[in-house]
$ cat structure-v6.txt   # compact mmCIF, C-alpha atoms
# COMPACT_ATOMS: atom_id res chain seq x y z
CA MET O 2 -41.48 -37.14 2.67
CA SER O 3 -38.42 -39.30 3.05
CA LYS O 4 -37.97 -41.99 5.66
CA GLY O 5 -35.14 -39.99 7.20
CA LEU O 6 -37.45 -37.06 7.78
CA LEU O 7 -40.15 -39.30 9.22
CA MET O 8 -37.73 -40.68 11.80
CA ASP O 9 -37.58 -37.21 13.35
CA LEU O 10 -41.32 -36.64 12.98
CA ASP O 11 -43.88 -37.75 15.56
CA LEU O 12 -47.65 -37.57 15.72
CA ASP O 13 -47.59 -34.33 17.72
CA ALA O 14 -45.57 -32.60 15.01
CA VAL O 15 -47.94 -33.81 12.29
CA ALA O 16 -51.01 -32.80 14.32
CA ASP O 17 -49.55 -29.35 14.99
CA GLU O 18 -49.03 -28.91 11.26
CA LEU O 19 -52.45 -30.21 10.20
CA TYR O 20 -54.53 -28.28 12.74
CA GLY O 21 -52.81 -25.09 11.63
CA LEU O 22 -54.21 -25.51 8.10
CA ARG O 23 -57.47 -24.19 6.68
CA PRO O 24 -60.33 -26.70 7.10
CA GLU O 25 -60.58 -27.43 3.38
CA ASP O 26 -56.86 -28.29 3.22
CA PHE O 27 -56.88 -30.61 6.24
CA THR O 28 -58.05 -33.90 4.72
CA ALA O 29 -55.77 -33.86 1.69
CA ALA O 30 -52.72 -32.92 3.78
CA ARG O 31 -53.54 -35.60 6.37
CA ASP O 32 -53.80 -38.26 3.67
CA VAL O 33 -50.46 -37.17 2.19
CA ARG O 34 -48.74 -37.42 5.58
CA ALA O 35 -50.32 -40.81 6.30
CA ALA O 36 -49.29 -42.13 2.89
CA ALA O 37 -45.73 -40.88 3.41
CA ALA O 38 -45.53 -42.62 6.79
CA ARG O 39 -46.90 -45.81 5.27
CA THR O 40 -44.42 -45.67 2.39
CA ALA O 41 -41.60 -45.21 4.87
CA GLY O 42 -42.72 -48.35 6.70
CA ASP O 43 -44.14 -46.66 9.83
CA ARG O 44 -47.61 -48.20 9.83
CA ALA O 45 -48.37 -47.18 13.42
CA LEU O 46 -47.73 -43.51 12.64
CA ALA O 47 -49.70 -43.80 9.40
CA GLU O 48 -52.72 -45.23 11.24
CA SER O 49 -52.50 -42.58 13.98
CA ILE O 50 -52.32 -39.80 11.39
CA GLY O 51 -55.27 -41.29 9.51
CA LYS O 52 -57.39 -41.10 12.67
CA LEU O 53 -56.96 -37.32 12.97
CA ARG O 54 -60.26 -35.63 12.21
CA ARG O 55 -60.96 -32.44 10.32
CA PRO O 56 -61.94 -29.62 12.72
CA SER O 57 -65.32 -27.94 12.59
CA LEU O 58 -65.36 -24.29 11.57
CA SER O 59 -65.71 -23.02 15.14
CA ALA O 60 -63.00 -25.40 16.42
CA TRP O 61 -60.68 -24.25 13.63
CA ALA O 62 -61.37 -20.59 14.52
CA GLY O 63 -60.57 -21.37 18.17
CA ASN O 64 -57.34 -23.09 17.14
CA LEU O 65 -56.50 -20.11 14.97
CA LEU O 66 -56.97 -17.79 17.96
CA VAL O 67 -54.59 -19.88 20.09
CA ARG O 68 -51.99 -20.06 17.33
CA GLU O 69 -52.17 -16.47 16.13
CA GLN O 70 -52.66 -14.82 19.54
CA PRO O 71 -50.65 -16.93 22.03
CA ASP O 72 -50.49 -14.00 24.45
CA ARG O 73 -54.26 -14.41 24.95
CA ILE O 74 -53.91 -17.91 26.42
CA GLU O 75 -52.42 -17.10 29.82
CA PRO O 76 -54.96 -14.38 30.82
CA LEU O 77 -57.86 -16.76 30.16
CA LEU O 78 -56.21 -19.60 32.06
CA ARG O 79 -55.51 -17.32 35.05
CA LEU O 80 -59.09 -16.07 35.00
CA GLY O 81 -60.34 -19.67 35.02
CA GLU O 82 -58.19 -20.48 38.04
CA GLY O 83 -59.51 -17.42 39.84
CA LEU O 84 -63.13 -18.23 39.05
CA ARG O 85 -62.80 -21.83 40.19
CA GLN O 86 -61.18 -20.72 43.43
CA ALA O 87 -63.82 -18.03 43.99
CA HIS O 88 -66.58 -20.63 43.51
CA GLN O 89 -64.91 -22.91 46.03
CA ASP O 90 -64.55 -20.07 48.53
CA LEU O 91 -67.97 -18.63 47.74
CA ASP O 92 -66.43 -15.17 47.68
CA GLY O 93 -69.34 -13.11 46.38
CA ALA O 94 -67.40 -9.90 45.70
CA GLN O 95 -64.62 -11.79 43.96
CA LEU O 96 -67.13 -13.78 41.92
CA ARG O 97 -68.88 -10.61 40.73
CA GLU O 98 -65.60 -8.99 39.67
CA LEU O 99 -64.28 -12.12 37.98
CA SER O 100 -67.63 -12.72 36.27
CA ARG O 101 -67.44 -9.22 34.84
CA GLN O 102 -63.93 -9.93 33.58
CA GLN O 103 -65.16 -13.26 32.21
CA ARG O 104 -67.88 -11.66 30.10
CA ALA O 105 -65.53 -8.98 28.76
CA LEU O 106 -62.70 -11.41 27.97
CA ILE O 107 -64.89 -14.04 26.31
CA SER O 108 -66.59 -11.37 24.19
CA ALA O 109 -63.22 -9.93 23.14
CA LEU O 110 -61.73 -13.35 22.35
CA SER O 111 -64.79 -14.41 20.40
CA ARG O 112 -64.62 -11.25 18.28
CA GLN O 113 -60.89 -11.76 17.77
CA ALA O 114 -61.42 -15.35 16.63
CA GLY O 115 -64.09 -14.17 14.19
CA GLN O 116 -61.75 -11.52 12.77
CA LEU O 117 -58.90 -13.99 12.36
CA ALA O 118 -61.21 -16.50 10.64
CA ALA O 119 -62.50 -13.81 8.26
CA GLN O 120 -58.95 -12.72 7.44
CA ALA O 121 -58.13 -16.36 6.68
CA GLY O 122 -61.04 -16.54 4.22
CA HIS O 123 -63.72 -18.15 6.42
CA PRO O 124 -66.12 -15.64 8.00
CA ILE O 125 -68.09 -17.33 10.78
CA GLY O 126 -71.77 -16.95 11.61
CA GLU O 127 -73.62 -16.60 14.90
CA ASP O 128 -73.84 -20.35 15.48
CA ALA O 129 -70.08 -20.78 15.18
CA ARG O 130 -69.50 -17.71 17.37
CA ARG O 131 -71.74 -19.18 20.07
CA GLU O 132 -69.77 -22.43 19.87
CA ILE O 133 -66.54 -20.48 20.35
CA GLU O 134 -68.00 -18.76 23.41
CA SER O 135 -69.19 -22.13 24.74
CA THR O 136 -65.66 -23.47 24.32
CA LEU O 137 -64.20 -20.50 26.19
CA HIS O 138 -66.72 -20.93 29.03
CA THR O 139 -65.72 -24.59 29.24
CA VAL O 140 -62.03 -23.62 29.32
CA LEU O 141 -62.74 -21.40 32.33
CA ALA O 142 -64.60 -24.13 34.20
CA ASP O 143 -62.49 -27.21 33.39
CA PRO O 144 -58.66 -27.32 33.76
CA GLU O 145 -58.44 -30.33 31.46
CA ALA O 146 -60.45 -28.52 28.79
CA ALA O 147 -58.16 -25.51 29.26
CA ARG O 148 -55.10 -27.64 28.55
CA GLU O 149 -56.75 -29.17 25.49
CA TRP O 150 -57.75 -25.73 24.16
CA ALA O 151 -54.26 -24.29 24.71
CA ARG O 152 -52.74 -26.92 22.39
CA GLY O 153 -54.63 -25.46 19.41
CA ARG O 154 -55.85 -28.84 18.10
CA LEU O 155 -59.58 -28.83 18.78
CA VAL O 156 -61.68 -30.99 16.46
CA LYS O 157 -65.06 -29.79 17.72
CA PRO O 158 -66.24 -27.12 20.17
CA LEU O 159 -65.90 -27.93 23.86
CA THR O 160 -69.03 -28.31 25.98
CA ALA O 161 -68.90 -28.17 29.76
CA THR O 162 -69.88 -31.47 31.37
CA VAL O 163 -69.58 -29.94 34.84
CA GLY O 164 -69.94 -26.44 36.22
CA PHE O 165 -67.57 -24.56 38.45
CA PRO O 166 -66.56 -26.53 41.59
CA VAL O 167 -68.77 -26.25 44.65
CA ALA O 168 -67.46 -25.07 48.01
CA SER O 169 -65.27 -27.25 50.20
CA PRO O 170 -66.95 -28.83 53.26
CA SER O 171 -65.32 -26.27 55.57
CA ALA O 172 -66.72 -23.28 53.73
CA ARG O 173 -69.24 -21.37 55.85
CA PRO O 174 -71.32 -19.62 53.13
CA ARG O 175 -74.06 -21.54 51.37
CA PRO O 176 -73.01 -23.84 48.54
CA ALA O 177 -73.10 -22.67 44.97
CA PRO O 178 -76.05 -23.88 42.89
CA ALA O 179 -75.54 -27.08 40.93
CA PRO O 180 -75.06 -26.65 37.21
CA LYS O 181 -78.22 -26.70 35.18
CA ARG O 182 -78.83 -29.92 33.32
CA VAL O 183 -79.49 -29.62 29.61
CA PRO O 184 -82.69 -31.50 28.64
CA ALA O 185 -82.21 -34.57 26.47
CA ASP O 186 -84.30 -33.16 23.61
CA GLU O 187 -82.25 -29.96 23.65
CA GLN O 188 -79.05 -32.01 23.56
CA ARG O 189 -80.46 -33.96 20.64
CA ARG O 190 -81.36 -30.76 18.79
CA GLU O 191 -77.88 -29.41 19.43
CA ARG O 192 -76.30 -32.61 18.07
CA GLN O 193 -78.55 -32.45 15.02
CA ALA O 194 -77.67 -28.81 14.44
CA ARG O 195 -73.97 -29.59 14.76
CA ALA O 196 -74.35 -32.54 12.37
CA ARG O 197 -76.11 -30.27 9.87
CA ARG O 198 -73.32 -27.72 10.15
CA ASP O 199 -70.70 -30.43 9.68
CA ALA O 200 -72.60 -31.73 6.65
CA LYS O 201 -72.80 -28.23 5.19
CA GLU O 202 -69.07 -27.72 5.72
CA ALA O 203 -68.41 -31.07 4.04
CA GLU O 204 -70.66 -30.06 1.12
CA ASP O 205 -68.87 -26.72 0.83
CA GLU O 206 -65.53 -28.50 0.78
CA LEU O 207 -66.81 -30.95 -1.84
CA ARG O 208 -68.01 -28.08 -4.04
CA ALA O 209 -64.66 -26.35 -3.64
CA ARG O 210 -62.82 -29.54 -4.56
CA LYS O 211 -65.07 -30.02 -7.61
CA LYS O 212 -64.35 -26.46 -8.71
CA GLU O 213 -60.64 -27.08 -8.29
CA ALA O 214 -60.91 -30.32 -10.28
CA ALA O 215 -62.92 -28.58 -13.03
CA ALA O 216 -60.37 -25.77 -13.18
CA ALA O 217 -57.53 -28.29 -13.35
CA THR O 218 -59.35 -30.18 -16.15
CA ARG O 219 -59.83 -26.95 -18.10
CA ALA O 220 -56.18 -26.07 -17.62
CA ALA O 221 -55.16 -29.55 -18.78
CA ASP O 222 -57.38 -29.24 -21.88
CA GLN O 223 -55.91 -25.85 -22.69
CA ALA O 224 -52.38 -27.21 -22.23
CA ARG O 225 -53.21 -30.18 -24.47
CA LYS O 226 -54.60 -27.90 -27.20
CA LEU O 227 -51.54 -25.66 -26.97
CA ALA O 228 -49.26 -28.70 -27.18
CA GLU O 229 -51.14 -29.96 -30.25
CA LYS O 230 -50.94 -26.52 -31.87
CA LEU O 231 -47.21 -26.32 -31.19
CA GLN O 232 -46.74 -29.86 -32.52
CA ARG O 233 -48.52 -28.88 -35.74
CA HIS O 234 -46.27 -25.84 -35.97
CA ILE O 235 -43.23 -28.05 -35.42
CA ASP O 236 -44.48 -30.42 -38.14
CA ASP O 237 -44.96 -27.49 -40.54
CA LEU O 238 -41.51 -26.14 -39.74
CA THR O 239 -40.01 -29.62 -40.16
CA ALA O 240 -41.67 -29.99 -43.58
CA GLU O 241 -40.54 -26.50 -44.57
CA LEU O 242 -36.99 -27.26 -43.44
CA LYS O 243 -37.01 -30.48 -45.45
CA ARG O 244 -38.22 -28.60 -48.55
CA VAL O 245 -35.59 -25.86 -48.12
CA ARG O 246 -32.87 -28.45 -47.66
CA GLY O 247 -33.98 -30.13 -50.88
CA GLU O 248 -33.87 -26.84 -52.71
CA HIS O 249 -30.46 -26.14 -51.20
CA GLU O 250 -29.14 -29.48 -52.45
CA GLN O 251 -30.56 -28.76 -55.90
CA ALA O 252 -28.92 -25.34 -55.87
CA ARG O 253 -25.57 -26.84 -54.87
CA THR O 254 -25.86 -29.41 -57.66
CA ALA O 255 -26.72 -26.69 -60.16
CA GLU O 256 -23.75 -24.67 -58.91
CA HIS O 257 -21.39 -27.61 -59.50
CA ARG O 258 -22.78 -28.14 -63.02
CA ALA O 259 -22.46 -24.43 -63.82
CA ARG O 260 -18.86 -24.39 -62.65
CA GLU O 261 -18.09 -27.45 -64.83
CA ASP O 262 -19.75 -25.75 -67.79
CA ALA O 263 -17.73 -22.59 -67.13
CA ARG O 264 -14.46 -24.51 -67.00
CA ARG O 265 -15.41 -26.36 -70.20
CA ALA O 266 -16.24 -23.08 -71.93
CA ASP O 267 -12.88 -21.64 -70.86
CA ARG O 268 -11.10 -24.58 -72.45
CA HIS O 269 -13.04 -24.11 -75.68
CA VAL O 270 -12.14 -20.40 -75.71
CA ARG O 271 -8.44 -21.13 -75.27
CA GLU O 272 -8.54 -23.79 -78.01
CA ALA O 273 -10.31 -21.37 -80.35
CA GLU O 274 -7.71 -18.70 -79.61
CA ARG O 275 -4.88 -21.12 -80.43
CA ARG O 276 -6.54 -22.12 -83.73
CA ALA O 277 -7.06 -18.49 -84.60
CA GLU O 278 -3.42 -17.68 -83.90
CA THR O 279 -2.29 -20.66 -86.01
CA ALA O 280 -4.50 -19.60 -88.92
CA ALA O 281 -3.23 -16.05 -88.72
CA ALA O 282 0.37 -17.25 -88.82
CA LYS O 283 -0.35 -19.33 -91.97
CA VAL O 284 -1.90 -16.32 -93.64
CA GLU O 285 1.23 -14.24 -92.95
CA ARG O 286 3.57 -16.88 -94.30
CA SER O 287 1.55 -17.35 -97.46
CA ALA O 288 1.58 -13.64 -98.12

$ encode --input "structure-v6.txt" --output "structure tokens"
Amino acid sequence: MSKGLLMDLDLDAVADELYGLRPEDFTAARDVRAAAARTAGDRALAESIGKLRRPSLSAWAGNLLVREQPDRIEPLLRLGEGLRQAHQDLDGAQLRELSRQQRALISALSRQAGQLAAQAGHPIGEDARREIESTLHTVLADPEAAREWARGRLVKPLTATVGFPVASPSARPRPAPAPKRVPADEQRRERQARARRDAKEAEDELRARKKEAAAATRAADQARKLAEKLQRHIDDLTAELKRVRGEHEQARTAEHRAREDARRADRHVREAERRAETAAAKVERSA
């Protein structure tokens, strides 16, 4: 990438590009962009690009949903606004209706994300699907999370730190129940599970890269052998051409000698004819 192109390129543009790639292509593309920025003298951009992190499988599938189905963003955001308002107002009928819509929409979006991921070559399992649903629940509850999700640049699944807002002080119905706290050991198990999944994804990427490297090595070996074979053929043809040229020179030399011999023989014939004519004339005079 030239320096001129980098002048018109900011971190947002690079991030948009990178988080639209398949997970296994992310790291290599990020390093290329960072190296290009560094070469062009933009160290700040290079460092910022280098800090971008490869998305988990479920985060990538969520980003894919946002990018491939942008018309799905607004309905979810509107539903989140309605749910938060209904929780504040403690409108039971509205909450029941919106909760029904919430379940249907999250289920549909989760299935859609799974289909898009499978079509892109990365089928997702139940754990990743649950993480996608957790992200969508968080998007409904947290406006900031909703804005982050809508950008299509998630690195990891979103987890709600707070529930839906409680009622305002002037609300007459009873307050909504506080969100349930997740036990510390459960949080630890979840972190461990996520770390294991990240490690597995990294191992899968490493195996894929090793296969690519092995394939490239085999292709290079085959190309080298073909080049050597062609070089031998060129050497044989060169030697054959040299031999034929030598024979051609010999033939030309022989041709010149034969022509000289022919001209010499012609002279001898003419001289013999003259002597014969002279002898014949003497014979006639003597008779």

$ residues_around --input "structure-v6.txt" --residues "region 122-125 of chain O" --least-positions-apart "6" --cutoff "12 Å" --atoms "only C-alpha atoms" --output "mmCIF file with C-alpha atoms, keeping the file's coordinate frame"
data_model
loop_
_atom_site.group_PDB
_atom_site.id
_atom_site.type_symbol
_atom_site.label_atom_id
_atom_site.label_comp_id
_atom_site.auth_asym_id
_atom_site.auth_seq_id
_atom_site.Cartn_x
_atom_site.Cartn_y
_atom_site.Cartn_z
ATOM 1 C CA LEU O 22 -54.210 -25.510 8.100
ATOM 2 C CA ARG O 23 -57.470 -24.190 6.680
ATOM 3 C CA PRO O 24 -60.330 -26.700 7.100
ATOM 4 C CA GLU O 25 -60.580 -27.430 3.380
ATOM 5 C CA SER O 57 -65.320 -27.940 12.590
ATOM 6 C CA LEU O 58 -65.360 -24.290 11.570
ATOM 7 C CA SER O 59 -65.710 -23.020 15.140
ATOM 8 C CA ALA O 60 -63.000 -25.400 16.420
ATOM 9 C CA TRP O 61 -60.680 -24.250 13.630
ATOM 10 C CA ALA O 62 -61.370 -20.590 14.520
ATOM 11 C CA GLY O 63 -60.570 -21.370 18.170
ATOM 12 C CA LEU O 65 -56.500 -20.110 14.970
ATOM 13 C CA SER O 111 -64.790 -14.410 20.400
ATOM 14 C CA ARG O 112 -64.620 -11.250 18.280
ATOM 15 C CA GLN O 113 -60.890 -11.760 17.770
ATOM 16 C CA ALA O 114 -61.420 -15.350 16.630
ATOM 17 C CA GLY O 115 -64.090 -14.170 14.190
ATOM 18 C CA GLN O 116 -61.750 -11.520 12.770
ATOM 19 C CA ARG O 131 -71.740 -19.180 20.070
ATOM 20 C CA GLU O 132 -69.770 -22.430 19.870
ATOM 21 C CA ILE O 133 -66.540 -20.480 20.350
ATOM 22 C CA ARG O 198 -73.320 -27.720 10.150
ATOM 23 C CA GLU O 202 -69.070 -27.720 5.720
ATOM 24 C CA ASP O 205 -68.870 -26.720 0.830
ATOM 25 C CA GLU O 206 -65.530 -28.500 0.780
#

$ atom_distance --input "structure-v6.txt" --atom1 "CA of His257 (chain O)" --atom2 "CA of Glu272 (chain O)"
22.9 Å

$ closest_residue --input "structure-v6.txt" --among "O:Pro158, O:Arg85, O:Pro144, O:Asp222" --to "Arg130 (chain O)" --atoms "all atoms listed in the file"
O:Pro158

$ atom_distance --input "structure-v6.txt" --atom1 "CA of Arg54 (chain O)" --atom2 "CA of Thr28 (chain O)"
8.0 Å

$ closest_atom_pairs --input "structure-v6.txt" --of "region 47-81 of chain O" --to "region 10-21 of chain O" --cutoff "8 Å" --atoms "all atoms listed in the file" --output "tab-separated table"
residue	atom	partner	partner_atom	distance
O:Ser49	CA	O:Leu12	CA	7.2
O:Ile50	CA	O:Leu12	CA	6.7
O:Leu53	CA	O:Ala16	CA	7.6
O:Pro56	CA	O:Tyr20	CA	7.5
O:Trp61	CA	O:Tyr20	CA	7.4
O:Asn64	CA	O:Tyr20	CA	7.4
O:Leu65	CA	O:Gly21	CA	7.0
O:Arg68	CA	O:Gly21	CA	7.6

$ residues_around --input "structure-v6.txt" --residues "Pro71 (chain O)" --least-positions-apart "4" --cutoff "10 Å" --atoms "all atoms listed in the file" --output "list of chain:residue names"
O:Leu65, O:Leu66, O:Val67, O:Glu75, O:Ala151, O:Gly153

$ residues_around --input "structure-v6.txt" --residues "Glu134 (chain O)" --least-positions-apart "4" --cutoff "9 Å" --atoms "all atoms listed in the file" --output "PyMOL selection string"
chain O and resi 107-108+110-111+129-130+138-139

$ residues_around --input "structure-v6.txt" --residues "Leu96 (chain O)" --least-positions-apart "4" --cutoff "9 Å" --atoms "all atoms listed in the file" --output "list in words"
Gly83, Leu84, Ala87, His88, Leu91, Asp92, Ser100 and Arg101 of chain O

$ atom_distance --input "structure-v6.txt" --atom1 "CA of Arg73 (chain O)" --atom2 "CA of Ala118 (chain O)"
16.0 Å

$ closest_residue --input "structure-v6.txt" --among "O:Ala105, O:Ile74, O:Ala121, O:Ile235" --to "Ala147 (chain O)" --atoms "all atoms listed in the file"
O:Ile74

$ closest_residue --input "structure-v6.txt" --among "O:Leu46, O:Leu207, O:Ala273, O:Ala119" --to "Asp26 (chain O)" --atoms "all atoms listed in the file"
O:Leu207
